[in-house]
>>> print(open('work_14.txt').read())   # compact mmCIF, C-alpha atoms
# COMPACT_ATOMS: atom_id res chain seq x y z
CA MET A 29 0.00 0.00 0.00
CA SER A 30 1.41 3.39 -0.96
CA ALA A 31 1.39 6.38 1.39
CA ASN A 32 -1.77 7.80 -0.23
CA GLY A 33 -3.71 4.56 0.31
CA LEU A 34 -3.39 3.26 -3.27
CA PRO A 35 -2.78 -0.51 -3.20
CA LYS A 36 0.18 -1.56 -5.31
CA ASN A 37 -1.51 -4.74 -6.49
CA ALA A 38 -4.99 -6.15 -6.98
CA ASP A 39 -6.63 -9.02 -8.82
CA PHE A 40 -9.27 -6.77 -10.42
CA ILE A 41 -9.23 -3.04 -11.02
CA ILE A 42 -12.57 -1.42 -11.83
CA LEU A 43 -12.43 2.09 -13.26
CA GLY A 44 -15.56 4.09 -12.44
CA ALA A 45 -17.81 3.89 -9.37
CA GLY A 46 -21.09 4.65 -11.09
CA VAL A 47 -23.93 2.13 -11.26
CA MET A 48 -21.96 -0.10 -13.67
CA GLY A 49 -18.60 -0.19 -11.91
CA ALA A 50 -20.24 -0.56 -8.50
CA SER A 51 -22.51 -3.35 -9.74
CA ILE A 52 -19.54 -5.23 -11.22
CA ALA A 53 -17.66 -4.83 -7.92
CA PHE A 54 -20.70 -6.10 -5.99
CA HIS A 55 -21.07 -9.20 -8.16
CA LEU A 56 -17.34 -10.02 -8.16
CA ALA A 57 -17.26 -9.63 -4.37
CA ARG A 58 -20.32 -11.89 -3.98
CA ARG A 59 -18.28 -14.64 -5.59
CA SER A 60 -15.21 -13.94 -3.43
CA ALA A 61 -13.29 -13.39 -6.65
CA GLY A 62 -10.18 -11.87 -5.07
CA ARG A 63 -8.72 -8.45 -4.33
CA ILE A 64 -10.91 -5.79 -5.95
CA ALA A 65 -9.94 -2.14 -6.29
CA VAL A 66 -12.57 0.38 -7.46
CA LEU A 67 -11.18 3.73 -8.65
CA ASP A 68 -13.16 6.86 -9.42
CA LYS A 69 -11.90 10.23 -10.58
CA ASP A 70 -14.44 11.87 -8.26
CA HIS A 71 -16.72 9.86 -5.97
CA ALA A 72 -19.31 7.10 -6.29
CA GLY A 73 -22.33 8.04 -8.38
CA SER A 74 -21.01 11.52 -9.16
CA GLY A 75 -21.00 11.12 -12.95
CA GLY A 76 -23.94 10.15 -15.12
CA SER A 77 -25.40 7.85 -12.45
CA GLY A 78 -26.19 10.70 -10.07
CA ARG A 79 -27.78 12.72 -12.89
CA SER A 80 -29.82 9.86 -14.34
CA SER A 81 -33.58 10.12 -14.75
CA ALA A 82 -33.44 6.49 -13.58
CA LEU A 83 -36.42 5.02 -15.42
CA VAL A 84 -37.00 1.30 -14.88
CA ARG A 85 -38.79 -0.35 -17.84
CA MET A 86 -38.73 -3.57 -19.83
CA HIS A 87 -39.63 -2.10 -23.22
CA TYR A 88 -36.82 -2.76 -25.69
CA SER A 89 -36.85 -4.02 -29.25
CA PHE A 90 -33.71 -6.20 -28.81
CA PRO A 91 -34.40 -9.39 -26.78
CA PRO A 92 -31.12 -9.49 -24.76
CA GLU A 93 -31.89 -5.98 -23.47
CA VAL A 94 -35.32 -7.18 -22.32
CA GLN A 95 -33.66 -10.12 -20.55
CA LEU A 96 -31.21 -7.81 -18.79
CA ALA A 97 -34.02 -5.45 -17.80
CA LEU A 98 -36.10 -8.31 -16.37
CA ILE A 99 -33.23 -9.54 -14.20
CA SER A 100 -32.58 -5.99 -13.05
CA LEU A 101 -36.23 -5.38 -12.18
CA LYS A 102 -36.20 -8.40 -9.84
CA VAL A 103 -33.13 -6.94 -8.10
CA PHE A 104 -34.78 -3.52 -7.75
CA GLN A 105 -37.93 -5.16 -6.38
CA HIS A 106 -35.96 -7.21 -3.82
CA TRP A 107 -33.21 -4.70 -3.10
CA ARG A 108 -33.20 -5.14 0.67
CA ASP A 109 -32.95 -8.94 0.42
CA ILE A 110 -30.23 -8.91 -2.23
CA VAL A 111 -28.21 -5.78 -1.47
CA GLY A 112 -29.08 -5.26 2.18
CA GLU A 113 -30.22 -1.63 1.91
CA PRO A 114 -33.71 -0.08 1.76
CA GLY A 115 -33.38 0.94 -1.90
CA GLU A 116 -35.22 3.67 -3.80
CA PHE A 117 -37.30 1.84 -6.40
CA ARG A 118 -40.79 3.34 -6.85
CA LYS A 119 -43.40 1.40 -8.81
CA THR A 120 -45.48 3.81 -10.88
CA GLY A 121 -46.20 1.79 -13.99
CA PHE A 122 -44.71 2.63 -17.38
CA VAL A 123 -46.22 3.48 -20.77
CA ARG A 124 -44.52 3.37 -24.19
CA ILE A 125 -46.11 5.49 -26.92
CA VAL A 126 -44.71 5.11 -30.45
CA HIS A 127 -45.06 7.11 -33.65
CA PRO A 128 -48.28 6.74 -35.65
CA GLY A 129 -47.68 3.93 -38.12
CA GLU A 130 -45.47 1.95 -35.72
CA SER A 131 -48.28 0.04 -34.03
CA GLU A 132 -47.31 -3.19 -35.78
CA ALA A 133 -43.74 -2.96 -34.44
CA LEU A 134 -45.18 -2.21 -30.99
CA LYS A 135 -47.35 -5.33 -31.17
CA ARG A 136 -44.40 -7.49 -32.23
CA ASN A 137 -42.16 -6.13 -29.49
CA VAL A 138 -44.78 -6.57 -26.78
CA ALA A 139 -45.29 -10.18 -27.92
CA MET A 140 -41.53 -10.77 -27.72
CA GLN A 141 -41.33 -9.15 -24.27
CA LYS A 142 -44.22 -11.28 -22.98
CA GLU A 143 -42.54 -14.42 -24.32
CA LEU A 144 -39.44 -13.51 -22.29
CA GLY A 145 -41.52 -13.05 -19.14
CA ALA A 146 -42.28 -9.33 -18.99
CA ASN A 147 -45.54 -8.22 -17.39
CA VAL A 148 -46.68 -5.99 -20.24
CA GLN A 149 -49.90 -5.53 -22.16
CA LEU A 150 -51.09 -3.69 -25.23
CA ILE A 151 -53.74 -1.14 -24.38
CA ASP A 152 -55.77 1.10 -26.64
CA ARG A 153 -56.41 4.83 -26.29
CA HIS A 154 -59.52 4.33 -24.15
CA GLN A 155 -57.81 1.97 -21.71
CA LEU A 156 -54.88 4.36 -21.41
CA GLN A 157 -57.26 7.26 -20.83
CA ASP A 158 -58.82 5.32 -17.95
CA LEU A 159 -55.35 4.87 -16.46
CA GLU A 160 -54.23 8.44 -17.10
CA PRO A 161 -57.23 10.77 -17.36
CA ASP A 162 -54.99 13.88 -17.47
CA TRP A 163 -53.22 12.79 -20.67
CA GLN A 164 -54.21 14.04 -24.16
CA LEU A 165 -54.40 10.90 -26.29
CA ASP A 166 -56.12 11.80 -29.58
CA ASP A 167 -53.03 10.74 -31.57
CA VAL A 168 -52.53 7.39 -29.78
CA GLU A 169 -53.84 4.18 -31.30
CA LEU A 170 -52.05 1.63 -29.08
CA ALA A 171 -49.57 1.80 -26.21
CA ALA A 172 -47.57 -0.71 -24.18
CA TYR A 173 -48.26 -0.71 -20.44
CA GLU A 174 -46.03 -2.24 -17.74
CA PRO A 175 -47.68 -2.11 -14.31
CA ASP A 176 -44.55 -3.24 -12.42
CA SER A 177 -42.11 -0.65 -13.76
CA GLY A 178 -41.22 2.78 -12.40
CA TYR A 179 -38.05 4.62 -11.41
CA GLY A 180 -35.16 4.60 -8.97
CA ASP A 181 -32.13 6.65 -7.94
CA GLY A 182 -28.73 6.23 -9.60
CA ASN A 183 -26.75 7.69 -6.75
CA VAL A 184 -28.39 5.35 -4.23
CA VAL A 185 -27.83 2.29 -6.46
CA ALA A 186 -24.13 3.07 -7.03
CA ASN A 187 -23.45 3.70 -3.35
CA ASP A 188 -25.43 0.69 -2.13
CA PHE A 189 -23.62 -1.68 -4.49
CA LEU A 190 -20.27 -0.19 -3.56
CA ARG A 191 -20.99 -0.37 0.18
CA ARG A 192 -21.69 -4.09 -0.04
CA ALA A 193 -18.57 -4.68 -2.15
CA ARG A 194 -16.47 -2.82 0.43
CA ASP A 195 -18.04 -4.88 3.22
CA SER A 196 -16.65 -7.91 1.37
CA GLY A 197 -13.16 -6.41 1.23
CA ALA A 198 -13.11 -4.34 -1.97
CA ALA A 199 -10.88 -1.26 -1.82
CA TYR A 200 -12.41 2.01 -2.97
CA LEU A 201 -10.28 4.95 -4.06
CA SER A 202 -12.14 8.18 -4.76
CA LYS A 203 -10.44 11.24 -6.29
CA THR A 204 -8.14 8.86 -8.18
CA ARG A 205 -8.14 9.44 -11.93
CA ALA A 206 -6.85 6.75 -14.28
CA THR A 207 -4.58 8.39 -16.87
CA SER A 208 -3.53 5.35 -18.93
CA PHE A 209 -3.35 1.59 -18.97
CA LEU A 210 -0.19 -0.35 -18.19
CA ILE A 211 0.19 -2.75 -21.11
CA GLU A 212 3.01 -5.20 -21.78
CA ALA A 213 3.23 -7.58 -24.74
CA GLY A 214 -0.45 -7.14 -25.54
CA ARG A 215 -1.59 -7.86 -21.99
CA ILE A 216 -2.97 -5.59 -19.32
CA ARG A 217 -0.67 -5.14 -16.33
CA GLY A 218 -2.53 -2.46 -14.44
CA VAL A 219 -3.41 1.22 -14.47
CA ARG A 220 -1.48 4.47 -14.16
CA THR A 221 -3.31 7.04 -12.07
CA ASP A 222 -2.67 10.57 -10.87
CA GLN A 223 -1.88 8.98 -7.49
CA GLY A 224 0.54 6.33 -8.77
CA ASP A 225 0.47 2.93 -10.46
CA ILE A 226 -1.60 -0.07 -9.43
CA HIS A 227 -0.97 -3.49 -10.95
CA ALA A 228 -3.54 -6.16 -11.78
CA PRO A 229 -4.02 -8.86 -14.45
CA THR A 230 -7.65 -7.80 -15.05
CA VAL A 231 -8.97 -4.28 -15.59
CA ILE A 232 -12.60 -3.31 -16.25
CA ALA A 233 -13.30 0.16 -17.66
CA ALA A 234 -16.79 1.33 -16.67
CA THR A 235 -15.86 4.88 -17.57
CA GLY A 236 -18.86 6.20 -19.51
CA PRO A 237 -18.13 9.42 -21.41
CA TRP A 238 -14.49 9.40 -20.24
CA THR A 239 -13.77 6.16 -22.10
CA ARG A 240 -12.41 7.24 -25.46
CA PRO A 241 -9.37 9.31 -24.36
CA LEU A 242 -8.36 6.62 -21.87
CA PHE A 243 -8.17 4.02 -24.64
CA GLN A 244 -5.80 5.98 -26.90
CA SER A 245 -2.83 3.79 -25.99
CA THR A 246 -4.63 0.48 -26.53
CA GLY A 247 -4.89 0.35 -30.31
CA PHE A 248 -8.66 0.17 -29.94
CA ASP A 249 -10.85 3.25 -30.40
CA PRO A 250 -14.26 2.75 -28.77
CA PRO A 251 -16.89 4.35 -31.04
CA ILE A 252 -18.41 6.53 -28.33
CA GLU A 253 -19.63 10.10 -28.81
CA ASN A 254 -20.61 12.29 -25.89
CA GLU A 255 -24.00 13.98 -25.98
CA PHE A 256 -25.35 16.78 -23.76
CA HIS A 257 -28.84 16.37 -22.27
CA GLN A 258 -31.15 18.54 -20.17
CA VAL A 259 -34.02 17.63 -17.86
CA ALA A 260 -36.65 19.81 -16.18
CA ILE A 261 -37.93 19.26 -12.64
CA LEU A 262 -41.35 20.84 -12.12
CA LYS A 263 -43.61 21.30 -9.14
CA ASN A 264 -46.92 19.54 -9.73
CA ALA A 265 -49.67 21.83 -10.94
CA PRO A 266 -52.85 21.91 -8.83
CA SER A 267 -54.79 18.63 -9.14
CA MET A 268 -51.84 16.81 -10.82
CA LYS A 269 -51.43 13.31 -9.41
CA PRO A 270 -48.47 10.93 -9.68
CA GLY A 271 -49.01 8.72 -12.70
CA ALA A 272 -47.16 6.26 -14.87
CA ALA A 273 -43.74 7.00 -16.30
CA CYS A 274 -43.79 7.39 -20.07
CA ILE A 275 -41.54 7.38 -23.12
CA ASP A 276 -43.42 9.20 -25.87
CA SER A 277 -42.08 9.16 -29.41
CA VAL A 278 -44.74 11.58 -30.67
CA THR A 279 -43.54 14.44 -28.44
CA ALA A 280 -39.93 13.10 -28.31
CA THR A 281 -40.02 13.40 -24.53
CA TYR A 282 -40.04 11.11 -21.53
CA PHE A 283 -41.54 11.98 -18.17
CA ARG A 284 -42.27 10.58 -14.74
CA SER A 285 -43.37 11.69 -11.30
CA ASP A 286 -40.64 12.65 -8.84
CA ALA A 287 -41.79 11.75 -5.33
CA ASN A 288 -45.39 12.87 -4.77
CA ASP A 289 -45.18 16.57 -5.52
CA LYS A 290 -42.76 16.93 -8.44
CA PHE A 291 -42.52 15.92 -12.09
CA LEU A 292 -39.51 15.21 -14.31
CA VAL A 293 -39.46 15.84 -18.07
CA GLY A 294 -36.59 14.95 -20.40
CA ASP A 295 -35.75 15.16 -24.09
CA PHE A 296 -34.96 12.36 -26.55
CA TYR A 297 -32.27 14.37 -28.28
CA GLY A 298 -29.12 16.15 -27.17
CA SER A 299 -26.21 18.04 -28.68
CA ARG A 300 -22.76 16.71 -29.62
CA PRO A 301 -19.91 16.84 -28.91
CA ILE A 302 -19.59 17.76 -25.24
CA ASP A 303 -16.70 17.62 -22.77
CA PRO A 304 -17.76 15.50 -19.75
CA ASP A 305 -15.43 17.54 -17.54
CA ASN A 306 -16.71 20.90 -18.77
CA PHE A 307 -20.39 21.17 -19.62
CA PRO A 308 -23.16 23.56 -18.51
CA GLN A 309 -24.30 22.71 -15.00
CA ARG A 310 -27.51 24.69 -15.47
CA PRO A 311 -29.88 24.02 -18.37
CA SER A 312 -30.88 26.67 -20.86
CA GLU A 313 -34.24 28.19 -19.89
CA THR A 314 -35.20 28.35 -23.55
CA ASP A 315 -34.39 24.67 -24.07
CA LEU A 316 -36.34 23.66 -20.96
CA GLU A 317 -39.35 25.65 -22.14
CA GLY A 318 -39.23 23.79 -25.45
CA ILE A 319 -39.06 20.38 -23.74
CA ILE A 320 -41.93 21.25 -21.39
CA ASP A 321 -44.04 22.63 -24.25
CA ARG A 322 -43.71 19.37 -26.16
CA ALA A 323 -44.49 17.23 -23.10
CA ALA A 324 -47.52 19.45 -22.38
CA ARG A 325 -49.02 18.29 -25.68
CA ARG A 326 -49.38 14.94 -23.92
CA LEU A 327 -50.02 16.24 -20.40
CA PRO A 328 -51.65 19.68 -20.67
CA LYS A 329 -51.51 20.37 -16.93
CA LEU A 330 -47.73 20.80 -17.29
CA GLU A 331 -48.44 24.21 -18.84
CA SER A 332 -49.26 25.58 -15.40
CA ALA A 333 -46.57 23.67 -13.48
CA GLU A 334 -43.78 25.71 -11.89
CA VAL A 335 -40.23 24.94 -13.05
CA MET A 336 -38.20 24.26 -9.89
CA ARG A 337 -34.82 23.47 -11.41
CA GLY A 338 -33.05 21.69 -14.21
CA VAL A 339 -30.52 18.88 -14.41
CA THR A 340 -27.85 18.46 -17.07
CA GLY A 341 -25.79 15.41 -17.96
CA VAL A 342 -23.74 13.63 -20.60
CA TYR A 343 -24.65 10.42 -22.44
CA ASP A 344 -21.97 8.11 -23.85
CA VAL A 345 -23.54 7.15 -27.18
CA THR A 346 -22.57 4.40 -29.64
CA PRO A 347 -23.58 4.23 -33.33
CA ASP A 348 -26.36 1.71 -32.62
CA SER A 349 -27.24 3.20 -29.21
CA ARG A 350 -26.31 -0.04 -27.45
CA PRO A 351 -23.50 -0.62 -24.98
CA LEU A 352 -20.03 -1.99 -25.55
CA LEU A 353 -19.70 -5.02 -23.26
CA GLY A 354 -16.82 -7.44 -23.26
CA THR A 355 -13.15 -7.93 -23.97
CA VAL A 356 -11.07 -5.31 -25.73
CA PRO A 357 -9.71 -7.04 -28.85
CA THR A 358 -6.22 -5.53 -28.69
CA VAL A 359 -5.39 -6.07 -25.01
CA GLU A 360 -5.78 -9.34 -23.14
CA GLY A 361 -7.31 -8.94 -19.68
CA LEU A 362 -8.93 -5.57 -20.46
CA PHE A 363 -12.74 -5.38 -20.39
CA LEU A 364 -15.04 -2.57 -21.46
CA CYS A 365 -18.46 -1.68 -20.07
CA ALA A 366 -19.57 1.64 -21.54
CA GLY A 367 -21.63 3.29 -24.29
CA PHE A 368 -25.04 2.87 -22.66
CA SER A 369 -26.48 5.79 -24.63
CA GLY A 370 -28.64 7.02 -21.75
CA MET A 371 -30.17 3.63 -20.95
CA GLY A 372 -27.73 2.20 -18.41
CA PHE A 373 -29.36 2.67 -15.03
CA LYS A 374 -32.24 0.25 -15.55
CA LEU A 375 -29.89 -2.52 -16.71
CA SER A 376 -27.12 -2.00 -14.16
CA PRO A 377 -27.90 -4.83 -11.69
CA ALA A 378 -27.87 -7.40 -14.51
CA ILE A 379 -24.86 -5.86 -16.24
CA GLY A 380 -22.76 -6.38 -13.10
CA LEU A 381 -23.85 -10.01 -13.05
CA VAL A 382 -23.12 -10.83 -16.70
CA MET A 383 -19.83 -8.93 -16.69
CA SER A 384 -18.73 -10.84 -13.59
CA GLU A 385 -19.60 -14.10 -15.36
CA LEU A 386 -17.62 -13.07 -18.42
CA ILE A 387 -14.61 -12.05 -16.32
CA LEU A 388 -14.57 -15.09 -14.03
CA ASP A 389 -15.98 -17.85 -16.25
CA GLY A 390 -14.99 -16.68 -19.72
CA LYS A 391 -18.62 -16.37 -20.80
CA ALA A 392 -21.80 -14.66 -19.65
CA THR A 393 -24.33 -17.44 -19.11
CA THR A 394 -27.32 -15.69 -17.51
CA VAL A 395 -27.77 -13.61 -20.69
CA ASP A 396 -25.71 -13.98 -23.87
CA ILE A 397 -23.97 -10.62 -24.28
CA THR A 398 -21.80 -11.52 -27.29
CA PRO A 399 -23.89 -9.23 -29.58
CA PHE A 400 -22.67 -6.27 -27.48
CA SER A 401 -19.00 -7.03 -28.24
CA PRO A 402 -16.86 -3.86 -28.31
CA ALA A 403 -15.43 -5.01 -31.67
CA ARG A 404 -18.80 -5.33 -33.43
CA PHE A 405 -18.49 -2.11 -35.44
CA GLN A 406 -15.03 -3.04 -36.72
CA GLU A 407 -16.54 -6.39 -37.72
CA ASP A 408 -19.57 -4.71 -39.34
CA ARG A 409 -22.00 -6.30 -36.88
CA PRO A 410 -23.97 -3.37 -35.42
CA ILE A 411 -27.03 -4.44 -33.46
CA LYS A 412 -30.23 -4.23 -35.46
CA ALA A 413 -33.43 -5.44 -33.82
CA ASP A 414 -36.17 -7.04 -35.89
CA PHE A 415 -38.78 -4.37 -35.08
CA GLU A 416 -36.94 -1.20 -34.21
CA TYR A 417 -38.67 2.14 -33.91
CA LYS A 418 -37.50 5.20 -35.80
CA ASP A 419 -36.04 6.68 -32.63
CA ASP A 420 -34.59 3.51 -31.05
>>> encode(input="work_14.txt", output="structure tokens")
Amino acid sequence: MSANGLPKNADFIILGAGVMGASIAFHLARRSAGRIAVLDKDHAGSGGSGRSSALVRMHYSFPPEVQLALISLKVFQHWRDIVGEPGEFRKTGFVRIVHPGESEALKRNVAMQKELGANVQLIDRHQLQDLEPDWQLDDVELAAYEPDSGYGDGNVVANDFLRRARDSGAAYLSKTRATSFLIEAGRIRGVRTDQGDIHAPTVIAATGPWTRPLFQSTGFDPPIENEFHQVAILKNAPSMKPGAACIDSVTATYFRSDANDKFLVGDFYGSRPIDPDNFPQRPSETDLEGIIDRAARRLPKLESAEVMRGVTGVYDVTPDSRPLLGTVPTVEGLFLCAGFSGMGFKLSPAIGLVMSELILDGKATTVDITPFSPARFQEDRPIKADFEYKDD
């Protein structure tokens, strides 16, 4: 151990203490895998995890994502039993509204999700109106409804996972920025940090929007672009009641309740590129007004809701908007877990599990994650679901 507390050696180094890095640490520690060191340039949950809108939903068009979401939902539902903390999952129900003309794809995806075990049903405009009488639904033919879904808290999830990993002996080093990988003869040997070197035969980079510069010395360039996003937090207008969370393609917004007296509204689209170490910490009032105006087409009561504050954040986006999970082709012993494109929180419990299986057993067995290989774009194998939506 060096004077600043940095261990000189470990069996596993995890870079990033967000929901992904912390979940991987938790699952490795559960299997008593060995000496685990978790490094973060700031502190646990301080990056994208702490700024996440934290929706929990099963609705995906690619079956492995549904499988990962289903496993994660069970963990969120049984957080105290599995993780040993109270947790912050709130069941509100979830609705997916797609573009007019995409009803057939919606039907096919709901059928696939049901086959995999999701509690989801197709509902028509009238059934949805019964569920959500405040919503304006003239342009909705069909929607998917998940009664068991809702939202959580990224900061709580990251810290709970990390706390349990530390209880099992994992070392946690905050304010420790990885600057480069230590590579010898095509094999990972450890990590160079601003606090010194730490050696290990296995390194997992769960580094989100900070991934690409870190990989410059590896001979592998992860195809990740950083995208700036803004979210509005509103005080409920008079007579507004907490309802289902929703992803709405027609208005290109998503929204959910926030506790019992607030409401969160976010945008599908952001701006690129953005520096994850230097981005606006306050949203643009004009941009927030535009997001709220669009969401108010679906929920007119938002027009009289008071804007309390805004949240900004950075997505790490891949060309097919799916994560990069697995071994780095140019460096033995180096694993990548990044590129979640704004969808990571809801999958994080399962991602830690399948990554731990890949690392320890050589293969993820709970869910086959080979389609998410970091090398898939070089190999011209981007993920393309059978019934994707225009804005997937």
>>> closest_atom_pairs(input="work_14.txt", of="range 335-373 of chain A", to="range 221-241 of chain A", cutoff="7 Å", atoms="all atoms listed in the file", output="CSV")
residue,atom,partner,partner_atom,distance
A:Tyr343,CA,A:Pro237,CA,6.7
A:Asp344,CA,A:Pro237,CA,4.7
A:Gly361,CA,A:Thr230,CA,4.8
A:Leu362,CA,A:Val231,CA,5.0
A:Phe363,CA,A:Ile232,CA,4.6
A:Leu364,CA,A:Ala233,CA,5.0
A:Cys365,CA,A:Ala234,CA,4.8
A:Ala366,CA,A:Gly236,CA,5.0
A:Gly367,CA,A:Gly236,CA,6.2
>>> residues_around(input="work_14.txt", residues="range 398-402 of chain A", least_positions_apart="5", cutoff="8 Å", atoms="all atoms listed in the file", output="MDAnalysis selection string")
chainID A and resid 250 350:357 364 411
>>> closest_atom_pairs(input="work_14.txt", of="range 55-151 of chain A", to="range 188-192 of chain A", cutoff="12 Å", atoms="only C-alpha atoms", output="CSV")
residue,atom,partner,partner_atom,distance
A:His55,CA,A:Phe189,CA,8.7
A:Leu56,CA,A:Arg192,CA,11.0
A:Ala57,CA,A:Arg192,CA,8.3
A:Arg58,CA,A:Arg192,CA,8.8
A:Ile64,CA,A:Leu190,CA,11.2
A:Ala65,CA,A:Leu190,CA,10.9
A:Val66,CA,A:Leu190,CA,8.7
A:Leu67,CA,A:Leu190,CA,11.1
A:Asp68,CA,A:Leu190,CA,11.6
A:His71,CA,A:Leu190,CA,10.9
A:Ala72,CA,A:Leu190,CA,7.8
A:Gly73,CA,A:Leu190,CA,9.8
A:Val103,CA,A:Phe189,CA,11.5
A:Phe104,CA,A:Asp188,CA,11.7
A:Trp107,CA,A:Asp188,CA,9.5
A:Arg108,CA,A:Asp188,CA,10.1
A:Ile110,CA,A:Arg192,CA,10.0
A:Val111,CA,A:Phe189,CA,6.9
A:Gly112,CA,A:Arg192,CA,7.8
A:Glu113,CA,A:Asp188,CA,6.7
A:Pro114,CA,A:Asp188,CA,9.2
A:Gly115,CA,A:Asp188,CA,8.0
A:Glu116,CA,A:Asp188,CA,10.4
>>> write_last_selection(input="work_14.txt", atoms="C-alpha atoms", output="PDB file, keeping the file's coordinate frame")
ATOM      1  CA  HIS A  55     -21.070  -9.200  -8.160  1.00  0.00           C
ATOM      2  CA  LEU A  56     -17.340 -10.020  -8.160  1.00  0.00           C
ATOM      3  CA  ALA A  57     -17.260  -9.630  -4.370  1.00  0.00           C
ATOM      4  CA  ARG A  58     -20.320 -11.890  -3.980  1.00  0.00           C
ATOM      5  CA  ILE A  64     -10.910  -5.790  -5.950  1.00  0.00           C
ATOM      6  CA  ALA A  65      -9.940  -2.140  -6.290  1.00  0.00           C
ATOM      7  CA  VAL A  66     -12.570   0.380  -7.460  1.00  0.00           C
ATOM      8  CA  LEU A  67     -11.180   3.730  -8.650  1.00  0.00           C
ATOM      9  CA  ASP A  68     -13.160   6.860  -9.420  1.00  0.00           C
ATOM     10  CA  HIS A  71     -16.720   9.860  -5.970  1.00  0.00           C
ATOM     11  CA  ALA A  72     -19.310   7.100  -6.290  1.00  0.00           C
ATOM     12  CA  GLY A  73     -22.330   8.040  -8.380  1.00  0.00           C
ATOM     13  CA  VAL A 103     -33.130  -6.940  -8.100  1.00  0.00           C
ATOM     14  CA  PHE A 104     -34.780  -3.520  -7.750  1.00  0.00           C
ATOM     15  CA  TRP A 107     -33.210  -4.700  -3.100  1.00  0.00           C
ATOM     16  CA  ARG A 108     -33.200  -5.140   0.670  1.00  0.00           C
ATOM     17  CA  ILE A 110     -30.230  -8.910  -2.230  1.00  0.00           C
ATOM     18  CA  VAL A 111     -28.210  -5.780  -1.470  1.00  0.00           C
ATOM     19  CA  GLY A 112     -29.080  -5.260   2.180  1.00  0.00           C
ATOM     20  CA  GLU A 113     -30.220  -1.630   1.910  1.00  0.00           C
ATOM     21  CA  PRO A 114     -33.710  -0.080   1.760  1.00  0.00           C
ATOM     22  CA  GLY A 115     -33.380   0.940  -1.900  1.00  0.00           C
ATOM     23  CA  GLU A 116     -35.220   3.670  -3.800  1.00  0.00           C
TER      24      GLU A 116
END
>>> atom_distance(input="work_14.txt", atom1="CA of Phe243 in chain A", atom2="CA of Ile387 in chain A")
19.2 Å
>>> closest_residue(input="work_14.txt", among="A:Arg124, A:Arg136, A:Arg79, A:Lys203", to="Leu156 in chain A", atoms="all atoms listed in the file")
A:Arg124
>>> atom_distance(input="work_14.txt", atom1="CA of Gly370 in chain A", atom2="CA of Leu386 in chain A")
23.2 Å
>>> atom_distance(input="work_14.txt", atom1="CA of Asp249 in chain A", atom2="CA of Gly372 in chain A")
20.7 Å
>>> axis_aligned_box(input="work_14.txt", around="range 319-323 of chain A", padding_each_side="5 Å", output="AutoDock Vina command-line options")
--center_x -41.8 --center_y 19.9 --center_z -23.8 --size_x 15.4 --size_y 15.4 --size_z 14.8
>>> closest_residue(input="work_14.txt", among="A:Val94, A:Asp276, A:Leu262, A:Gly75", to="Tyr417 in chain A", atoms="all atoms listed in the file")
A:Asp276
>>> residues_near_point(input="work_14.txt", point="(-50.3, 14.9, -5.9)", cutoff="9 Å", atoms="all atoms listed in the file", output="PyMOL selection string")
chain A and resi 264-270+288-290
>>> residues_around(input="work_14.txt", residues="Ser277 in chain A", least_positions_apart="5", cutoff="12 Å", atoms="only C-alpha atoms", output="list in words")
Val123, Arg124, Ile125, Val126, His127, Pro128, Gly129, Glu130, Ser131, Leu134, Asp167, Val168, Ala171, Tyr282, Phe283, Asp295, Phe296, Tyr297, Arg322, Ala323, Arg326, Tyr417, Lys418, Asp419 and Asp420 of chain A
>>> residues_around(input="work_14.txt", residues="Lys135 in chain A", least_positions_apart="5", cutoff="10 Å", atoms="all atoms listed in the file", output="list in words")
Glu130, Met140, Gln141, Gln149, Leu150, Leu170, Ala171, Ala172 and Phe415 of chain A
>>> closest_residue(input="work_14.txt", among="A:Glu360, A:Val339, A:Pro251, A:Gly33", to="Arg404 in chain A", atoms="all atoms listed in the file")
A:Pro251
>>> residues_around(input="work_14.txt", residues="Gly145 in chain A", least_positions_apart="5", cutoff="12 Å", atoms="only C-alpha atoms", output="MDAnalysis selection string")
chainID A and resid 86:87 91 94:99 101:102 138:140 174
>>> write_last_selection(input="work_14.txt", atoms="C-alpha atoms", output="PDB file, keeping the file's coordinate frame")
ATOM      1  CA  MET A  86     -38.730  -3.570 -19.830  1.00  0.00           C
ATOM      2  CA  HIS A  87     -39.630  -2.100 -23.220  1.00  0.00           C
ATOM      3  CA  PRO A  91     -34.400  -9.390 -26.780  1.00  0.00           C
ATOM      4  CA  VAL A  94     -35.320  -7.180 -22.320  1.00  0.00           C
ATOM      5  CA  GLN A  95     -33.660 -10.120 -20.550  1.00  0.00           C
ATOM      6  CA  LEU A  96     -31.210  -7.810 -18.790  1.00  0.00           C
ATOM      7  CA  ALA A  97     -34.020  -5.450 -17.800  1.00  0.00           C
ATOM      8  CA  LEU A  98     -36.100  -8.310 -16.370  1.00  0.00           C
ATOM      9  CA  ILE A  99     -33.230  -9.540 -14.200  1.00  0.00           C
ATOM     10  CA  LEU A 101     -36.230  -5.380 -12.180  1.00  0.00           C
ATOM     11  CA  LYS A 102     -36.200  -8.400  -9.840  1.00  0.00           C
ATOM     12  CA  VAL A 138     -44.780  -6.570 -26.780  1.00  0.00           C
ATOM     13  CA  ALA A 139     -45.290 -10.180 -27.920  1.00  0.00           C
ATOM     14  CA  MET A 140     -41.530 -10.770 -27.720  1.00  0.00           C
ATOM     15  CA  GLU A 174     -46.030  -2.240 -17.740  1.00  0.00           C
TER      16      GLU A 174
END
>>> closest_residue(input="work_14.txt", among="A:Asn183, A:Ser60, A:Ser81, A:Thr314", to="Phe40 in chain A", atoms="only C-alpha atoms")
A:Ser60
>>> residues_around(input="work_14.txt", residues="Asp315 in chain A", least_positions_apart="3", cutoff="10 Å", atoms="all atoms listed in the file", output="number ranges by chain")
A: 258-260, 295, 311-312, 318-321
